[in-house]
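For reference, structure.csv (CSV, C-alpha atoms):
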chain,number,residue,atom,x,y,z
A,16,MET,CA,-0.8,-6.1,3.8
A,17,LYS,CA,-3.8,-7.1,1.8
A,18,ASN,CA,-6.2,-5.4,4.2
A,19,LEU,CA,-4.8,-1.9,3.5
A,20,ASN,CA,-7.4,0.6,2.5
A,21,ALA,CA,-6.0,1.3,-1.0
A,22,LYS,CA,-8.4,4.1,-1.9
A,23,ARG,CA,-7.7,6.1,1.2
A,24,PHE,CA,-4.0,5.5,0.9
A,25,ALA,CA,-4.0,6.6,-2.7
A,26,LEU,CA,-6.0,9.7,-1.7
A,27,ALA,CA,-3.6,10.5,1.0
A,28,ILE,CA,-0.7,10.4,-1.5
A,29,PHE,CA,-2.6,12.6,-3.9
A,30,VAL,CA,-3.2,15.2,-1.1
A,31,ILE,CA,0.5,15.1,-0.1
A,32,PHE,CA,1.5,15.6,-3.8
A,33,ALA,CA,-1.0,18.4,-4.4
A,34,GLY,CA,-0.1,20.2,-1.1
A,35,SER,CA,3.7,19.9,-1.8
A,36,PHE,CA,3.3,21.1,-5.3
A,37,TYR,CA,1.3,24.1,-4.2
A,38,GLY,CA,3.8,24.8,-1.5
A,39,LEU,CA,6.7,24.9,-4.0
A,40,TRP,CA,4.7,27.1,-6.3
A,41,TYR,CA,3.7,29.5,-3.5
A,42,GLN,CA,7.3,29.7,-2.3
A,43,ALA,CA,8.5,30.5,-5.8
A,44,LYS,CA,6.1,33.5,-5.9
A,45,GLN,CA,5.2,32.9,-9.5
A,46,PRO,CA,1.9,34.4,-10.8
A,47,ALA,CA,1.7,31.5,-13.3
A,48,LEU,CA,3.6,28.4,-14.1
A,49,ASP,CA,5.1,27.7,-17.4
A,50,PRO,CA,5.4,24.0,-18.4
A,51,LYS,CA,9.2,23.8,-17.7
A,52,LEU,CA,8.8,25.2,-14.2
A,53,ALA,CA,5.8,23.0,-13.5
A,54,LEU,CA,7.9,19.9,-14.5
A,55,THR,CA,10.7,21.0,-12.2
A,56,PHE,CA,8.2,21.4,-9.3
A,57,ALA,CA,6.7,18.0,-10.1
A,58,TYR,CA,10.1,16.3,-9.9
A,59,LYS,CA,10.7,18.0,-6.5
A,60,THR,CA,7.3,17.0,-5.3
A,61,ILE,CA,7.8,13.4,-6.2
A,62,SER,CA,10.9,13.3,-4.1
A,63,ILE,CA,9.0,14.8,-1.1
A,64,VAL,CA,6.2,12.3,-1.5
A,65,LEU,CA,8.6,9.3,-1.7
A,66,LEU,CA,10.4,10.5,1.5
A,67,LEU,CA,7.1,10.9,3.4
A,68,VAL,CA,5.8,7.5,2.2
A,69,GLY,CA,9.1,5.9,3.1
A,70,PHE,CA,8.9,7.4,6.6
A,71,PHE,CA,5.3,6.3,6.9
A,72,VAL,CA,6.0,2.7,5.9
A,73,ALA,CA,9.1,2.5,8.2
A,74,TYR,CA,7.7,4.2,11.3
A,75,ALA,CA,4.5,6.3,11.2
A,76,TRP,CA,2.1,3.5,10.4
A,77,ARG,CA,2.3,2.5,14.1
A,78,TRP,CA,1.0,5.9,15.2
A,79,PRO,CA,-2.6,5.8,16.7
A,80,ILE,CA,-3.6,8.8,14.5
A,81,PHE,CA,-3.6,6.5,11.4
A,82,ARG,CA,-5.4,3.6,13.0
A,83,HIS,CA,-8.6,2.3,11.4
A,84,TRP,CA,-9.2,5.0,8.8
A,85,LEU,CA,-5.8,4.4,7.0
A,86,VAL,CA,-4.1,1.5,8.7
A,87,PRO,CA,-6.8,-1.1,9.5
A,88,PHE,CA,-4.5,-3.7,11.1
A,89,PRO,CA,-3.3,-3.3,14.8
A,90,ASN,CA,0.4,-3.1,15.8
A,91,LEU,CA,1.1,-6.4,17.6
A,92,ASN,CA,4.9,-6.0,17.9
A,93,GLY,CA,6.4,-7.5,21.0
A,94,THR,CA,6.0,-10.6,23.3
A,95,TRP,CA,2.6,-12.1,24.2
A,96,GLN,CA,2.2,-14.7,27.0
A,97,GLY,CA,-0.4,-17.2,28.0
A,98,ALA,CA,-1.2,-20.9,27.8
A,99,ILE,CA,-2.0,-23.6,25.3
A,100,GLN,CA,-4.7,-26.2,26.1
A,101,THR,CA,-4.0,-29.2,23.9
A,102,THR,CA,-6.2,-32.1,23.0
A,103,TRP,CA,-3.1,-34.3,22.8
A,104,LYS,CA,-3.1,-37.3,25.1
A,105,ASN,CA,0.1,-38.5,26.8
A,106,PRO,CA,0.7,-42.0,25.4
A,107,GLN,CA,2.2,-43.1,28.8
A,108,THR,CA,-0.7,-42.0,30.9
A,109,GLY,CA,-3.6,-41.6,28.5
A,110,GLN,CA,-4.4,-38.2,30.0
A,111,VAL,CA,-4.6,-34.7,28.4
A,112,PRO,CA,-2.0,-32.5,30.1
A,113,GLY,CA,-3.0,-29.2,31.8
A,114,PRO,CA,-2.3,-25.8,30.3
A,115,ILE,CA,1.1,-25.4,28.7
A,116,PRO,CA,2.8,-22.0,29.4
A,117,VAL,CA,3.7,-20.3,26.2
A,118,ILE,CA,5.0,-17.0,24.7
A,119,LEU,CA,4.5,-15.7,21.2
A,120,THR,CA,6.8,-13.1,19.7
A,121,ILE,CA,5.5,-11.0,16.8
A,122,LYS,CA,7.7,-9.0,14.4
A,123,GLN,CA,5.5,-6.8,12.3
A,124,SER,CA,6.2,-4.1,9.7
A,125,PHE,CA,3.8,-2.3,7.4
A,126,ILE,CA,4.0,-5.0,4.8
A,127,ARG,CA,4.6,-8.3,6.6
A,128,ILE,CA,4.3,-10.1,9.9
A,129,SER,CA,6.1,-13.1,11.4
A,130,CYS,CA,5.4,-15.1,14.6
A,131,VAL,CA,7.6,-17.3,16.8
A,132,MET,CA,6.1,-19.4,19.6
A,133,HIS,CA,8.1,-20.8,22.5
A,134,THR,CA,7.2,-23.3,25.2
A,135,ALA,CA,9.7,-25.0,27.5
A,136,GLU,CA,9.8,-27.9,25.0
A,137,MET,CA,9.5,-26.5,21.5
A,138,THR,CA,9.8,-23.5,19.2
A,139,SER,CA,7.5,-22.9,16.2
A,140,ARG,CA,8.1,-20.4,13.4
A,141,SER,CA,5.6,-19.0,11.0
A,142,PHE,CA,6.2,-19.4,7.2
A,143,LEU,CA,2.9,-17.7,6.1
A,144,ALA,CA,1.0,-15.1,8.1
A,145,ASP,CA,-1.6,-12.4,7.5
A,146,PHE,CA,-4.6,-10.6,9.0
A,147,TRP,CA,-8.2,-11.2,8.0
A,148,LEU,CA,-10.2,-8.0,8.7
A,149,ASN,CA,-13.7,-7.1,7.6
A,150,GLU,CA,-15.6,-4.5,9.6
A,151,ASP,CA,-18.9,-5.3,7.9
A,152,GLU,CA,-18.6,-9.0,8.8
A,153,GLN,CA,-17.2,-8.2,12.3
A,154,ILE,CA,-14.0,-10.2,11.5
A,155,ARG,CA,-10.7,-9.4,13.2
A,156,MET,CA,-8.3,-12.3,13.0
A,157,LEU,CA,-4.6,-13.1,12.6
A,158,GLY,CA,-3.7,-16.5,11.1
A,159,TYR,CA,-0.5,-18.2,10.3
A,160,SER,CA,0.9,-21.6,9.3
A,161,TYR,CA,4.1,-22.7,11.1
A,162,HIS,CA,6.7,-25.4,11.5
A,163,SER,CA,7.3,-26.6,15.1
A,164,THR,CA,10.6,-28.0,16.3
A,165,PRO,CA,10.5,-29.8,19.7
A,166,MET,CA,13.7,-30.1,21.7
A,167,PRO,CA,15.8,-33.2,21.0
A,168,SER,CA,15.1,-34.5,24.5
A,169,VAL,CA,11.4,-34.8,23.9
A,170,ARG,CA,11.5,-36.1,20.3
A,171,GLU,CA,10.4,-39.6,21.4
A,172,ARG,CA,6.9,-38.3,22.2
A,173,SER,CA,6.9,-35.0,20.2
A,174,GLN,CA,8.0,-35.0,16.6
A,175,PRO,CA,8.6,-32.0,14.4
A,176,HIS,CA,5.4,-31.0,12.6
A,177,ASP,CA,3.5,-28.3,10.7
A,178,GLY,CA,0.3,-26.6,11.8
A,179,THR,CA,-2.0,-23.6,11.5
A,180,ILE,CA,-3.4,-21.3,14.1
A,181,ILE,CA,-6.1,-18.6,13.9
A,182,PHE,CA,-6.4,-15.9,16.5
A,183,GLN,CA,-9.3,-13.6,17.3
A,184,LEU,CA,-8.0,-10.1,18.0
A,185,LEU,CA,-9.8,-8.9,21.1
A,186,GLY,CA,-9.9,-5.4,22.6
A,187,ASN,CA,-9.5,-1.9,21.2
A,188,PRO,CA,-6.6,-1.5,21.1
A,189,VAL,CA,-5.9,-5.2,20.9
A,190,ASP,CA,-4.8,-6.6,24.3
A,191,LYS,CA,-5.8,-10.3,24.0
A,192,LEU,CA,-5.3,-13.0,21.4
A,193,LYS,CA,-7.5,-16.1,21.6
A,194,GLY,CA,-7.4,-18.8,19.0
A,195,ASN,CA,-7.5,-22.4,17.9
A,196,TYR,CA,-4.8,-24.5,16.2
A,197,TRP,CA,-4.6,-27.8,14.4
A,198,THR,CA,-1.5,-29.8,13.3
A,199,ALA,CA,-0.4,-32.3,10.7
A,200,ARG,CA,-0.1,-34.9,13.5
A,201,SER,CA,-3.9,-34.7,14.1
A,202,THR,CA,-3.8,-32.7,17.3
A,203,THR,CA,-5.8,-29.6,18.1
A,204,GLY,CA,-6.0,-27.1,20.9
A,205,GLU,CA,-6.7,-23.6,22.2
A,206,VAL,CA,-4.3,-20.7,22.8
A,207,THR,CA,-5.0,-17.6,24.9
A,208,LEU,CA,-2.5,-14.8,25.1
A,209,THR,CA,-2.2,-11.3,26.6
A,210,PHE,CA,0.5,-8.7,25.9
A,211,ARG,CA,3.7,-9.0,28.0
A,212,GLU,CA,6.2,-6.4,26.7
A,213,LYS,CA,7.4,-4.6,23.6
A,214,ARG,CA,10.8,-6.4,23.6
A,215,ARG,CA,10.8,-9.7,21.6
A,216,LEU,CA,12.1,-12.4,23.9
A,217,GLU,CA,14.4,-14.9,22.2
A,218,GLU,CA,13.7,-17.8,24.5
A,219,PHE,CA,11.1,-19.1,26.9
A,220,PRO,CA,11.2,-17.2,30.2
A,221,PRO,CA,11.5,-19.4,33.3
A,222,ASP,CA,9.0,-17.2,35.3
A,223,LEU,CA,6.1,-18.7,33.4
A,224,GLY,CA,6.7,-22.2,34.9
A,225,LYS,CA,7.5,-25.6,33.7
A,226,HIS,CA,5.9,-27.7,30.9
A,227,PRO,CA,3.1,-29.8,32.5
A,228,VAL,CA,4.5,-33.1,31.0
A,229,SER,CA,8.3,-32.7,31.3
A,230,GLY,CA,7.9,-30.8,34.6
A,231,LYS,CA,6.6,-33.9,36.3
A,232,SER,CA,9.4,-36.1,35.1

Have the structure of the file written as structure tokens, please.
Amino acid sequence: MKNLNAKRFALAIFVIFAGSFYGLWYQAKQPALDPKLALTFAYKTISIVLLLVGFFVAYAWRWPIFRHWLVPFPNLNGTWQGAIQTTWKNPQTGQVPGPIPVILTIKQSFIRISCVMHTAEMTSRSFLADFWLNEDEQIRMLGYSYHSTPMPSVRERSQPHDGTIIFQLLGNPVDKLKGNYWTARSTTGEVTLTFREKRRLEEFPPDLGKHPVSGKS
């Protein structure tokens, strides 16, 4: 993640290294270290640091204790639900449809994030995603570009397309995503989401209701 506080992360690694090295020296009960023994301790210390960093990258970065001061980005893993309000007009009626029920599943690790959005008619998958975070400028955003694939049954009025969406991250911890999107087919809209569950759903849940266009047919 480009928003990682590199200086603090490097300092944390140095502290772990120094603490581990001192612990090995203290355990050896040596009044002084000769160069050969110091090199042996250094090799052992590096192994300890690598194990701890690996554990941090795989799991511990999610822990609240590291939030903000070391890990500036929130943990958004799981399924978010809400609605899309598009500016697209139905060519048959000339009207803008009402809110479209939607879910967004987010798979996030320490180094990357991917987003998949589902409605009753389409699935879109991110191919480029990242955070924009700047405390001084009061910026907390998640943005991604995506490819959208509508169901074959609606291709006559909804073609595959690419687009970009930018969410504001609201709440501390984040409990709401609110954003705008625009697409290569010259449509725009707004999306508002709240957290649903930690499990990432693989398809659109029927309890959110029907699509406002296809649901009337």

Open item on the list: Between A:Phe125, A:Tyr196, A:Trp147, A:Phe88, which residue has the minimum interatomic distance to Gly69 in chain A, considering all atoms listed in the file?
Closed with: A:Phe125

Which polymer residues have any atom within 12 Å of an atom of Pro227 in chain A, counting all atoms listed in the file, with same-chain residues fewer than 3 positions away left out, as a PDB file with C-alpha atoms, in the frame of the given file?
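That gives us around06.pdb:
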ATOM      1  CA  ALA A  98      -1.200 -20.900  27.800  1.00  0.00           C
ATOM      2  CA  ILE A  99      -2.000 -23.600  25.300  1.00  0.00           C
ATOM      3  CA  GLN A 100      -4.700 -26.200  26.100  1.00  0.00           C
ATOM      4  CA  THR A 101      -4.000 -29.200  23.900  1.00  0.00           C
ATOM      5  CA  ASN A 105       0.100 -38.500  26.800  1.00  0.00           C
ATOM      6  CA  GLN A 110      -4.400 -38.200  30.000  1.00  0.00           C
ATOM      7  CA  VAL A 111      -4.600 -34.700  28.400  1.00  0.00           C
ATOM      8  CA  PRO A 112      -2.000 -32.500  30.100  1.00  0.00           C
ATOM      9  CA  GLY A 113      -3.000 -29.200  31.800  1.00  0.00           C
ATOM     10  CA  PRO A 114      -2.300 -25.800  30.300  1.00  0.00           C
ATOM     11  CA  ILE A 115       1.100 -25.400  28.700  1.00  0.00           C
ATOM     12  CA  PRO A 116       2.800 -22.000  29.400  1.00  0.00           C
ATOM     13  CA  VAL A 117       3.700 -20.300  26.200  1.00  0.00           C
ATOM     14  CA  THR A 134       7.200 -23.300  25.200  1.00  0.00           C
ATOM     15  CA  ALA A 135       9.700 -25.000  27.500  1.00  0.00           C
ATOM     16  CA  GLU A 136       9.800 -27.900  25.000  1.00  0.00           C
ATOM     17  CA  LEU A 223       6.100 -18.700  33.400  1.00  0.00           C
ATOM     18  CA  GLY A 224       6.700 -22.200  34.900  1.00  0.00           C
ATOM     19  CA  GLY A 230       7.900 -30.800  34.600  1.00  0.00           C
ATOM     20  CA  LYS A 231       6.600 -33.900  36.300  1.00  0.00           C
ATOM     21  CA  SER A 232       9.400 -36.100  35.100  1.00  0.00           C
TER      22      SER A 232
END

Open item on the list: I want to know what sits within 9 Å of Lys122 in chain A, based on only C-alpha atoms, with residues of the same chain fewer than 6 positions away left out; could you give that as a PyMOL selection string?
Closed with: chain A and resi 91-93+128-131+215

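Across A:His162, A:Leu26, A:Thr209, A:Phe36, the tightest approach to Tyr58 in chain A is made by A:Phe36 when counting only C-alpha atoms.
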
TODO: Give me, please, the distance in Å between CA of Asp151 in chain A and CA of Lys22 in chain A, quoted to one decimal.
DONE: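 Computed distance, CA of Asp151 in chain A to CA of Lys22 in chain A, equals 17.2 Å.
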
Open item on the list: My list of candidates is A:Ile180, A:Ile121, A:Leu185, A:Ala75. Which is closest to Trp197 in chain A when distances are computed with all atoms listed in the file?
Closed with: A:Ile180

Task: Answer as a list in words, residues within 12 Å of (-7.4, 5.0, 2.1) using all atoms listed in the file - done: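 The residues that fall inside the cut-off are Asn18, Leu19, Asn20, Ala21, Lys22, Arg23, Phe24, Ala25, Leu26, Ala27, Ile28, Phe29, Val30, Phe81, Arg82, His83, Trp84, Leu85, Val86 and Pro87 of chain A.
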
Open item on the list: Between CA of Lys213 in chain A and CA of Pro89 in chain A, what distance in Å does the model show, to one decimal?
Closed with: 13.9 Å

Task: Using only C-alpha atoms: which of A:Leu216, A:Ile181, A:Ile126, A:Leu157 has the shortest distance to Ala73 in chain A - done: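 Residue with the minimum atom-to-atom distance to Ala73 in chain A: A:Ile126.
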
Open item on the list: Considering all atoms listed in the file, can you say which of A:Phe32, A:Glu212, A:Glu171, A:Gly97 comes closest to Lys191 in chain A?
Closed with: A:Gly97

Open item on the list: Give me, as a PyMOL selection string, all polymer residues having an atom no more than 9 Å from range 163-166 of chain A, counting only C-alpha atoms and skipping those fewer than 6 positions away in the same chain.
Closed with: chain A and resi 132+135-141+173-178

Task: Selected residue of minimal separation from Thr120 in chain A among A:Trp95, A:Trp103, A:Phe210, A:Tyr159, counting all atoms listed in the file - done: A:Trp95

Reconstructed N, CA and C atoms for range 207-225 of chain A, given as a CSV table (one decimal), keeping the file's coordinate frame:
chain,number,residue,atom,x,y,z
A,207,THR,N,-4.6,-18.9,24.4
A,207,THR,CA,-5.0,-17.6,24.9
A,207,THR,C,-3.8,-16.8,25.4
A,208,LEU,N,-3.6,-15.6,24.8
A,208,LEU,CA,-2.5,-14.8,25.1
A,208,LEU,C,-2.8,-13.4,25.5
A,209,THR,N,-2.0,-12.7,26.3
A,209,THR,CA,-2.2,-11.3,26.6
A,209,THR,C,-0.8,-10.7,26.4
A,210,PHE,N,-0.8,-9.4,26.2
A,210,PHE,CA,0.5,-8.7,25.9
A,210,PHE,C,1.4,-8.7,27.1
A,211,ARG,N,2.7,-9.0,26.9
A,211,ARG,CA,3.7,-9.0,28.0
A,211,ARG,C,4.6,-7.8,28.0
A,212,GLU,N,5.2,-7.5,26.8
A,212,GLU,CA,6.2,-6.4,26.7
A,212,GLU,C,6.5,-6.2,25.2
A,213,LYS,N,7.1,-5.0,25.0
A,213,LYS,CA,7.4,-4.6,23.6
A,213,LYS,C,8.6,-5.3,23.1
A,214,ARG,N,9.5,-5.7,24.0
A,214,ARG,CA,10.8,-6.4,23.6
A,214,ARG,C,10.4,-7.8,23.2
A,215,ARG,N,11.0,-8.3,22.1
A,215,ARG,CA,10.8,-9.7,21.6
A,215,ARG,C,11.7,-10.6,22.3
A,216,LEU,N,11.3,-11.5,23.2
A,216,LEU,CA,12.1,-12.4,23.9
A,216,LEU,C,12.6,-13.5,22.9
A,217,GLU,N,13.8,-13.9,23.1
A,217,GLU,CA,14.4,-14.9,22.2
A,217,GLU,C,14.3,-16.3,22.7
A,218,GLU,N,13.9,-16.5,24.0
A,218,GLU,CA,13.7,-17.8,24.5
A,218,GLU,C,12.6,-17.8,25.6
A,219,PHE,N,12.2,-19.0,25.9
A,219,PHE,CA,11.1,-19.1,26.9
A,219,PHE,C,11.5,-18.6,28.3
A,220,PRO,N,10.8,-17.7,28.9
A,220,PRO,CA,11.2,-17.2,30.2
A,220,PRO,C,10.8,-18.2,31.3
A,221,PRO,N,11.7,-18.4,32.2
A,221,PRO,CA,11.5,-19.4,33.3
A,221,PRO,C,10.4,-19.0,34.3
A,222,ASP,N,10.0,-17.7,34.3
A,222,ASP,CA,9.0,-17.2,35.3
A,222,ASP,C,7.6,-17.7,34.9
A,223,LEU,N,7.4,-18.2,33.7
A,223,LEU,CA,6.1,-18.7,33.4
A,223,LEU,C,5.9,-20.2,33.8
A,224,GLY,N,6.9,-20.8,34.4
A,224,GLY,CA,6.7,-22.2,34.9
A,224,GLY,C,7.1,-23.2,33.9
A,225,LYS,N,7.0,-24.5,34.4
A,225,LYS,CA,7.5,-25.6,33.7
A,225,LYS,C,6.4,-26.2,32.8
